[in-house]
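Accompanying notes for the structure given below.
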Amino acid sequence: NAGVTQTPKFRILKIGQSMTLQCTQDMNHNYMYWYRQDPGMGLKLIYYSVGAGITDKGEVPNGYNVSRSTTEDFPLRLELAAPSQTSVYFCASSQTRGARDTQYFGPGTRLTVL
Amino acid sequence: AQTVTQSQPEMSVQEAETVTLSCTYDTSESDYYLFWYKQPPSRQMILVIRQEAYKQQNATENRFSVNFQKAAKSFSLKISDSQLGDAAMYFCAYRSERGSQGNLIFGKGTKLSVKP
């Protein structure tokens with residue numbers, strides 16, 4: 001059971017380039033999340049999804065887009081990369097939004113924008 | 001809005017000793033969970049322990065236990081018999097029972113070093 005997988009593990013982008021961070025979960029979870037972790041900080045919510053076809057903004061959505069065409073996949077799109085988007089990105093999933101429910105994290109993607 | 005504060009950016013403990021990491025939070029809600037996550041250098045977020053707000057009994061998981069003071073909005077993590085493998089960043093997190101998003105709200109973290 002792979003859990004939550006993310007690709008790539010590392011990426012360096014030039015300012016203005018675009019890329020998609022991939023996230024896949026094999027637990028049939030409804031809820032999926034994208035967080036970013038800046039140096040010396042905790043994780044902040046970028047976008048989340050409550051099921052296929054339904055997404056919504058979190059605390060720091062500017063500069064990002066998401067889609068959820070299947071239950072398993074929740075890609076995060078960066079358009080016109082900026083140095084402020086240098087961060088570690090985590091994808092997570094849970095079956096429900098209930099606080100009791102465990103949220104499972106992927107291994108993260110370290111992105112550097114130069 | 002809920003906030004989580006970890007006032008200790010770094011802590012150090014001698015191997016086999018006990019260390020306590022502090023966390024305070026702010027919320028107007030009554031139904032929520034609190035969590036401690038461990039993040040080793042591999043970056044993987046690992047759930048260490050969780051506490052339901054409605055339970056008065058403090059949660060324990062082997063060498064890890066919490067001191068949950070609901071009225072004071074305090075949630076500290078105690079690590080007993082510290083091991084070299086405990087060295088990591090530790091994040092305190094809050095999750096609302098009634099929030100529409102279901103996301104975790106994190107503190108800034110405490111970096112724990114374990115000295116042999």
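We label chains A, B, ... in the order they appear in the structure tokens, count residues from 1 in each chain, and number ligands from 1 in the order shown.
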### Query
Skipping near chain neighbours, those fewer than 2 positions away, what residues fall within 9 Å of Glu29 in chain B using only C-alpha atoms, listed as an NGL selection string?
:B and (2 or 27 or 31-32 or 96-98)
Output for the residues just chosen: C-alpha atoms as a PDB file, in the first residue's frame:
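Written out: again-v8.pdb:
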ATOM      1  CA  GLN B   2      -7.531  29.415  15.020  1.00  0.00           C
ATOM      2  CA  THR B  27      -9.802  28.891  19.364  1.00  0.00           C
ATOM      3  CA  ASP B  31     -14.833  20.396  19.396  1.00  0.00           C
ATOM      4  CA  TYR B  32     -11.373  19.870  17.989  1.00  0.00           C
ATOM      5  CA  SER B  96     -11.495  21.603  13.874  1.00  0.00           C
ATOM      6  CA  GLU B  97     -14.277  19.043  14.218  1.00  0.00           C
ATOM      7  CA  ARG B  98     -16.703  21.387  12.484  1.00  0.00           C
TER       8      ARG B  98
END
Please produce, as CSV, a per-residue contact table for chain A versus chain B (criterion: any atom at most 9 Å away, only C-alpha atoms considered), showing the nearest atom pair and its distance in Å to one decimal, sorted by chain then residue number.
residue,atom,partner,partner_atom,distance
A:Tyr31,CA,B:Gly102,CA,8.1
A:Tyr33,CA,B:Asn103,CA,7.4
A:Gly40,CA,B:Lys108,CA,6.5
A:Met41,CA,B:Lys108,CA,4.4
A:Gly42,CA,B:Lys108,CA,4.2
A:Leu43,CA,B:Phe106,CA,5.9
A:Lys44,CA,B:Ile105,CA,7.2
A:Leu45,CA,B:Asn103,CA,7.3
A:Tyr48,CA,B:Gln101,CA,7.3
A:Ser49,CA,B:Gln101,CA,8.4
A:Val50,CA,B:Gln101,CA,8.0
A:Asp56,CA,B:Gln101,CA,8.7
A:Gly58,CA,B:Gln101,CA,8.2
A:Val88,CA,B:Arg43,CA,8.9
A:Ser94,CA,B:Gly102,CA,8.8
A:Thr96,CA,B:Gly102,CA,7.6
A:Arg97,CA,B:Gly102,CA,4.0
A:Gly98,CA,B:Glu97,CA,5.3
A:Ala99,CA,B:Glu97,CA,4.7
A:Arg100,CA,B:Tyr33,CA,6.8
A:Thr102,CA,B:Leu47,CA,8.5
A:Gln103,CA,B:Leu104,CA,8.5
A:Tyr104,CA,B:Met45,CA,8.2
A:Phe105,CA,B:Met45,CA,6.1
A:Gly106,CA,B:Gln44,CA,7.0
A:Pro107,CA,B:Gln44,CA,4.9
A:Gly108,CA,B:Arg43,CA,6.8
#### Entry: Distance query Thr60 in chain B at most 10 Å, only C-alpha atoms, self and fewer than 2 positions along chain excluded, as a PyMOL selection string
chain B and resi 48-51+57-58+62-67+77-78
### Residue contacts of range 79-82 of chain A (8 Å, only C-alpha atoms) excluding same-chain residues fewer than 2 positions away, as JSON, numbers by chain
{"A": [13, 14, 15, 16, 17, 18, 19, 63, 64, 65, 77, 84, 85, 86, 113, 114]}
Produce a file of the selected residues containing N, CA, C and O atoms, as a PDB file, in the first residue's frame.
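Once written, part_14.pdb looks like this:
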ATOM      1  N   LEU A  13      13.284  25.527 -10.861  1.00  0.00           N
ATOM      2  CA  LEU A  13      12.617  26.249 -11.943  1.00  0.00           C
ATOM      3  C   LEU A  13      13.250  27.617 -12.127  1.00  0.00           C
ATOM      4  O   LEU A  13      13.751  28.213 -11.152  1.00  0.00           O
ATOM      5  N   LYS A  14      13.179  28.136 -13.328  1.00  0.00           N
ATOM      6  CA  LYS A  14      13.553  29.522 -13.570  1.00  0.00           C
ATOM      7  C   LYS A  14      12.317  30.406 -13.424  1.00  0.00           C
ATOM      8  O   LYS A  14      11.180  29.942 -13.624  1.00  0.00           O
ATOM      9  N   ILE A  15      12.529  31.629 -13.052  1.00  0.00           N
ATOM     10  CA  ILE A  15      11.429  32.587 -12.913  1.00  0.00           C
ATOM     11  C   ILE A  15      10.618  32.615 -14.204  1.00  0.00           C
ATOM     12  O   ILE A  15      11.166  32.699 -15.305  1.00  0.00           O
ATOM     13  N   GLY A  16       9.314  32.512 -14.071  1.00  0.00           N
ATOM     14  CA  GLY A  16       8.422  32.576 -15.221  1.00  0.00           C
ATOM     15  C   GLY A  16       8.047  31.226 -15.807  1.00  0.00           C
ATOM     16  O   GLY A  16       7.109  31.137 -16.585  1.00  0.00           O
ATOM     17  N   GLN A  17       8.784  30.179 -15.418  1.00  0.00           N
ATOM     18  CA  GLN A  17       8.435  28.838 -15.910  1.00  0.00           C
ATOM     19  C   GLN A  17       7.205  28.305 -15.183  1.00  0.00           C
ATOM     20  O   GLN A  17       6.812  28.829 -14.130  1.00  0.00           O
ATOM     21  N   SER A  18       6.622  27.271 -15.754  1.00  0.00           N
ATOM     22  CA  SER A  18       5.456  26.633 -15.143  1.00  0.00           C
ATOM     23  C   SER A  18       5.755  25.160 -14.909  1.00  0.00           C
ATOM     24  O   SER A  18       6.640  24.582 -15.560  1.00  0.00           O
ATOM     25  N   MET A  19       5.052  24.565 -13.976  1.00  0.00           N
ATOM     26  CA  MET A  19       5.199  23.130 -13.752  1.00  0.00           C
ATOM     27  C   MET A  19       3.996  22.606 -12.981  1.00  0.00           C
ATOM     28  O   MET A  19       3.231  23.386 -12.394  1.00  0.00           O
ATOM     29  N   GLY A  63      -1.097  32.238  -7.186  1.00  0.00           N
ATOM     30  CA  GLY A  63      -0.021  31.702  -7.999  1.00  0.00           C
ATOM     31  C   GLY A  63      -0.137  30.218  -8.276  1.00  0.00           C
ATOM     32  O   GLY A  63       0.738  29.648  -8.931  1.00  0.00           O
ATOM     33  N   TYR A  64      -1.213  29.602  -7.795  1.00  0.00           N
ATOM     34  CA  TYR A  64      -1.403  28.157  -7.947  1.00  0.00           C
ATOM     35  C   TYR A  64      -2.793  27.852  -8.513  1.00  0.00           C
ATOM     36  O   TYR A  64      -3.723  28.630  -8.352  1.00  0.00           O
ATOM     37  N   ASN A  65      -2.883  26.685  -9.142  1.00  0.00           N
ATOM     38  CA  ASN A  65      -4.172  26.160  -9.574  1.00  0.00           C
ATOM     39  C   ASN A  65      -4.190  24.665  -9.333  1.00  0.00           C
ATOM     40  O   ASN A  65      -3.141  24.012  -9.335  1.00  0.00           O
ATOM     41  N   ARG A  77      -0.710  23.026  -9.949  1.00  0.00           N
ATOM     42  CA  ARG A  77      -0.091  23.711 -11.075  1.00  0.00           C
ATOM     43  C   ARG A  77       0.459  25.050 -10.625  1.00  0.00           C
ATOM     44  O   ARG A  77      -0.254  25.842  -9.987  1.00  0.00           O
ATOM     45  N   SER A  84       9.248  33.661  -4.604  1.00  0.00           N
ATOM     46  CA  SER A  84       8.443  33.501  -3.386  1.00  0.00           C
ATOM     47  C   SER A  84       7.784  32.124  -3.301  1.00  0.00           C
ATOM     48  O   SER A  84       7.273  31.751  -2.230  1.00  0.00           O
ATOM     49  N   GLN A  85       7.785  31.378  -4.404  1.00  0.00           N
ATOM     50  CA  GLN A  85       7.211  30.037  -4.394  1.00  0.00           C
ATOM     51  C   GLN A  85       8.254  28.961  -4.075  1.00  0.00           C
ATOM     52  O   GLN A  85       7.935  27.773  -4.071  1.00  0.00           O
ATOM     53  N   THR A  86       9.470  29.369  -3.784  1.00  0.00           N
ATOM     54  CA  THR A  86      10.472  28.431  -3.298  1.00  0.00           C
ATOM     55  C   THR A  86      10.020  27.904  -1.942  1.00  0.00           C
ATOM     56  O   THR A  86       9.818  28.673  -0.999  1.00  0.00           O
ATOM     57  N   VAL A 113      12.976  28.190  -6.982  1.00  0.00           N
ATOM     58  CA  VAL A 113      12.755  29.061  -8.138  1.00  0.00           C
ATOM     59  C   VAL A 113      13.874  30.107  -8.160  1.00  0.00           C
ATOM     60  O   VAL A 113      14.037  30.876  -7.213  1.00  0.00           O
ATOM     61  N   LEU A 114      14.643  30.073  -9.241  1.00  0.00           N
ATOM     62  CA  LEU A 114      15.804  30.970  -9.350  1.00  0.00           C
ATOM     63  C   LEU A 114      15.600  31.998 -10.454  1.00  0.00           C
ATOM     64  O   LEU A 114      14.923  31.710 -11.439  1.00  0.00           O
TER      65      LEU A 114
END
Where does DSSP see strand (DSSP E) in chain B, if you list the residues as a short mmCIF file (atom, residue, chain, number, x, y, z; two decimals) with N, CA, C and O atoms, in the first residue's frame?
data_model
loop_
_atom_site.label_atom_id
_atom_site.label_comp_id
_atom_site.auth_asym_id
_atom_site.auth_seq_id
_atom_site.Cartn_x
_atom_site.Cartn_y
_atom_site.Cartn_z
N THR B 3 -5.28 29.70 15.81
CA THR B 3 -3.82 29.85 15.69
C THR B 3 -3.14 28.86 16.62
O THR B 3 -3.70 28.47 17.65
N VAL B 4 -1.93 28.47 16.24
CA VAL B 4 -1.12 27.56 17.04
C VAL B 4 0.25 28.20 17.23
O VAL B 4 0.87 28.64 16.25
N THR B 5 0.72 28.23 18.46
CA THR B 5 1.99 28.89 18.76
C THR B 5 2.94 27.93 19.46
O THR B 5 2.59 27.31 20.47
N GLU B 10 14.04 25.98 19.28
CA GLU B 10 14.98 24.87 19.39
C GLU B 10 15.02 24.38 20.83
O GLU B 10 14.90 25.15 21.78
N MET B 11 15.19 23.06 20.95
CA MET B 11 15.37 22.44 22.26
C MET B 11 16.46 21.39 22.13
O MET B 11 16.68 20.82 21.05
N SER B 12 17.07 21.08 23.27
CA SER B 12 18.11 20.06 23.28
C SER B 12 17.90 19.17 24.50
O SER B 12 17.47 19.66 25.56
N VAL B 13 18.18 17.90 24.32
CA VAL B 13 18.03 16.95 25.44
C VAL B 13 19.15 15.93 25.38
O VAL B 13 19.64 15.59 24.29
N GLN B 14 19.55 15.45 26.54
CA GLN B 14 20.55 14.39 26.60
C GLN B 14 19.85 13.06 26.37
O GLN B 14 18.70 12.84 26.80
N VAL B 19 12.27 15.38 27.91
CA VAL B 19 12.13 16.75 27.41
C VAL B 19 10.67 17.05 27.16
O VAL B 19 9.89 16.14 26.82
N THR B 20 10.30 18.30 27.36
CA THR B 20 8.91 18.73 27.13
C THR B 20 8.89 19.87 26.13
O THR B 20 9.59 20.89 26.32
N LEU B 21 8.09 19.70 25.09
CA LEU B 21 7.91 20.73 24.07
C LEU B 21 6.57 21.41 24.30
O LEU B 21 5.56 20.75 24.51
N THR B 24 0.79 26.26 22.55
CA THR B 24 -0.46 26.89 22.95
C THR B 24 -1.27 27.17 21.70
O THR B 24 -0.73 27.26 20.59
N TYR B 25 -2.56 27.27 21.86
CA TYR B 25 -3.42 27.48 20.70
C TYR B 25 -4.56 28.42 21.10
O TYR B 25 -4.83 28.63 22.29
N ASP B 26 -5.17 28.97 20.09
CA ASP B 26 -6.27 29.88 20.33
C ASP B 26 -7.46 29.45 19.47
O ASP B 26 -7.32 29.28 18.25
N TYR B 32 -12.57 19.84 18.84
CA TYR B 32 -11.37 19.87 17.99
C TYR B 32 -10.42 18.77 18.45
O TYR B 32 -10.63 18.13 19.49
N TYR B 33 -9.42 18.54 17.62
CA TYR B 33 -8.34 17.62 17.97
C TYR B 33 -7.03 18.38 17.92
O TYR B 33 -6.87 19.34 17.15
N LEU B 34 -6.09 17.90 18.70
CA LEU B 34 -4.73 18.44 18.68
C LEU B 34 -3.77 17.31 18.36
O LEU B 34 -4.00 16.16 18.75
N PHE B 35 -2.71 17.65 17.67
CA PHE B 35 -1.77 16.66 17.18
C PHE B 35 -0.33 17.13 17.40
O PHE B 35 -0.05 18.33 17.41
N TRP B 36 0.55 16.16 17.53
CA TRP B 36 1.99 16.42 17.41
C TRP B 36 2.49 15.58 16.24
O TRP B 36 2.27 14.37 16.20
N TYR B 37 3.16 16.27 15.31
CA TYR B 37 3.79 15.61 14.18
C TYR B 37 5.30 15.74 14.31
O TYR B 37 5.82 16.76 14.73
N LYS B 38 5.99 14.69 13.88
CA LYS B 38 7.45 14.68 13.83
C LYS B 38 7.89 14.76 12.38
O LYS B 38 7.34 14.07 11.52
N GLN B 39 8.87 15.62 12.11
CA GLN B 39 9.42 15.72 10.76
C GLN B 39 10.93 15.53 10.83
O GLN B 39 11.68 16.45 11.11
N ILE B 46 5.26 12.64 10.24
CA ILE B 46 4.87 11.43 10.95
C ILE B 46 4.01 11.81 12.15
O ILE B 46 4.43 12.61 12.99
N LEU B 47 2.83 11.25 12.23
CA LEU B 47 1.95 11.52 13.37
C LEU B 47 2.51 10.85 14.62
O LEU B 47 2.73 9.63 14.63
N VAL B 48 2.72 11.63 15.66
CA VAL B 48 3.25 11.11 16.91
C VAL B 48 2.14 10.77 17.89
O VAL B 48 2.10 9.67 18.46
N ILE B 49 1.21 11.69 18.06
CA ILE B 49 0.18 11.51 19.07
C ILE B 49 -0.96 12.49 18.79
O ILE B 49 -0.75 13.55 18.19
N ARG B 50 -2.16 12.12 19.20
CA ARG B 50 -3.31 13.00 19.03
C ARG B 50 -4.12 13.05 20.32
O ARG B 50 -4.08 12.12 21.12
N GLN B 51 -4.86 14.14 20.49
CA GLN B 51 -5.69 14.33 21.68
C GLN B 51 -7.04 14.89 21.27
O GLN B 51 -7.11 15.90 20.56
N GLU B 52 -8.10 14.25 21.71
CA GLU B 52 -9.44 14.78 21.48
C GLU B 52 -9.76 15.80 22.55
O GLU B 52 -9.54 15.53 23.73
N THR B 60 -1.33 9.04 25.56
CA THR B 60 0.03 8.52 25.66
C THR B 60 0.25 7.52 24.52
O THR B 60 -0.67 6.82 24.12
N GLU B 61 1.46 7.51 24.02
CA GLU B 61 1.89 6.55 23.01
C GLU B 61 3.32 6.16 23.31
O GLU B 61 4.27 6.85 22.93
N PHE B 64 5.90 8.75 24.42
CA PHE B 64 5.35 10.09 24.16
C PHE B 64 4.04 10.27 24.92
O PHE B 64 3.17 9.40 24.90
N SER B 65 3.92 11.38 25.59
CA SER B 65 2.67 11.71 26.29
C SER B 65 2.44 13.21 26.17
O SER B 65 3.35 13.98 25.86
N VAL B 66 1.19 13.59 26.40
CA VAL B 66 0.86 15.01 26.32
C VAL B 66 0.29 15.47 27.65
O VAL B 66 -0.21 14.69 28.45
N ASN B 67 0.41 16.77 27.87
CA ASN B 67 -0.25 17.44 28.99
C ASN B 67 -1.22 18.43 28.37
O ASN B 67 -0.83 19.49 27.88
N PHE B 68 -2.49 18.06 28.35
CA PHE B 68 -3.53 18.85 27.72
C PHE B 68 -4.28 19.64 28.77
O PHE B 68 -4.92 19.06 29.66
N GLN B 69 -4.19 20.94 28.69
CA GLN B 69 -4.87 21.84 29.61
C GLN B 69 -5.85 22.67 28.78
O GLN B 69 -5.48 23.70 28.21
N SER B 74 -3.43 24.86 26.31
CA SER B 74 -2.04 24.43 26.29
C SER B 74 -1.98 22.94 25.97
O SER B 74 -2.82 22.15 26.44
N PHE B 75 -0.97 22.55 25.19
CA PHE B 75 -0.87 21.16 24.72
C PHE B 75 0.61 20.82 24.57
O PHE B 75 1.18 20.94 23.49
N SER B 76 1.25 20.39 25.63
CA SER B 76 2.68 20.12 25.58
C SER B 76 2.95 18.64 25.33
O SER B 76 2.13 17.78 25.68
N LEU B 77 4.08 18.37 24.74
CA LEU B 77 4.51 17.00 24.42
C LEU B 77 5.70 16.64 25.29
O LEU B 77 6.70 17.36 25.31
N LYS B 78 5.60 15.51 25.99
CA LYS B 78 6.70 15.02 26.79
C LYS B 78 7.27 13.78 26.14
O LYS B 78 6.54 12.83 25.82
N ILE B 79 8.59 13.80 25.94
CA ILE B 79 9.29 12.64 25.39
C ILE B 79 10.17 12.09 26.50
O ILE B 79 11.07 12.77 27.00
N ALA B 88 14.50 15.73 15.53
CA ALA B 88 13.65 16.09 14.40
C ALA B 88 13.00 17.44 14.68
O ALA B 88 13.16 18.00 15.76
N MET B 89 12.26 17.94 13.70
CA MET B 89 11.34 19.05 13.94
C MET B 89 10.04 18.47 14.45
O MET B 89 9.57 17.44 13.94
N TYR B 90 9.46 19.13 15.44
CA TYR B 90 8.17 18.70 15.98
C TYR B 90 7.17 19.84 15.79
O TYR B 90 7.41 20.98 16.18
N PHE B 91 6.04 19.48 15.19
CA PHE B 91 4.99 20.46 14.92
C PHE B 91 3.74 20.12 15.72
O PHE B 91 3.28 18.98 15.72
N CYS B 92 3.22 21.12 16.36
CA CYS B 92 1.93 21.04 17.01
C CYS B 92 0.88 21.47 15.98
O CYS B 92 1.10 22.40 15.20
N ALA B 93 -0.26 20.80 15.95
CA ALA B 93 -1.28 21.12 14.95
C ALA B 93 -2.67 20.99 15.54
O ALA B 93 -2.91 20.20 16.46
N TYR B 94 -3.58 21.76 14.96
CA TYR B 94 -4.99 21.82 15.40
C TYR B 94 -5.87 21.45 14.24
O TYR B 94 -5.60 21.82 13.08
N ARG B 95 -6.94 20.73 14.53
CA ARG B 95 -7.92 20.43 13.48
C ARG B 95 -9.31 20.55 14.06
O ARG B 95 -9.62 19.94 15.09
N SER B 96 -10.13 21.36 13.40
CA SER B 96 -11.49 21.60 13.87
C SER B 96 -12.39 20.42 13.57
O SER B 96 -12.29 19.80 12.51
N ILE B 105 -3.97 23.05 11.10
CA ILE B 105 -3.34 24.35 11.31
C ILE B 105 -2.11 24.10 12.17
O ILE B 105 -2.22 23.57 13.28
N PHE B 106 -0.95 24.49 11.64
CA PHE B 106 0.31 24.13 12.26
C PHE B 106 0.96 25.31 12.97
O PHE B 106 0.81 26.47 12.57
N THR B 110 9.33 23.13 16.55
CA THR B 110 10.45 23.14 17.49
C THR B 110 11.47 22.12 17.00
O THR B 110 11.12 20.96 16.79
N LYS B 111 12.70 22.56 16.83
CA LYS B 111 13.76 21.65 16.41
C LYS B 111 14.37 21.00 17.64
O LYS B 111 14.93 21.69 18.50
N LEU B 112 14.26 19.70 17.74
CA LEU B 112 14.78 18.96 18.88
C LEU B 112 16.09 18.28 18.51
O LEU B 112 16.15 17.53 17.54
N SER B 113 17.11 18.55 19.29
CA SER B 113 18.40 17.87 19.15
C SER B 113 18.57 16.92 20.33
O SER B 113 18.20 17.25 21.46
N VAL B 114 19.14 15.75 20.06
CA VAL B 114 19.39 14.76 21.11
C VAL B 114 20.89 14.52 21.17
O VAL B 114 21.51 14.09 20.19
N LYS B 115 21.47 14.77 22.34
CA LYS B 115 22.92 14.64 22.51
C LYS B 115 23.26 13.27 23.07
O LYS B 115 22.64 12.82 24.03
#
### Message
Env of Gly3 in chain A: 10 Å cut, atoms = only C-alpha atoms, seq-sep filter 3 positions within chain, self excluded. Answer as a list in words.
### Response
Thr24, Gln25, Asp26, Met27, Asn28, Ala92, Ser93, Tyr104, Phe105 and Gly106 of chain A
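The space between CA of His29 in chain A and CA of Gly51 in chain A spans 8.3 Å.
In this model, the gap between CA of Lys55 in chain B and CA of Ser22 in chain B comes to 19.4 Å.
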### Task
Using only C-alpha atoms, find the one residue out of B:Thr18, B:Lys70, B:Ala87, B:Ala59 that sits nearest to Ser30 in chain B.
B:Lys70
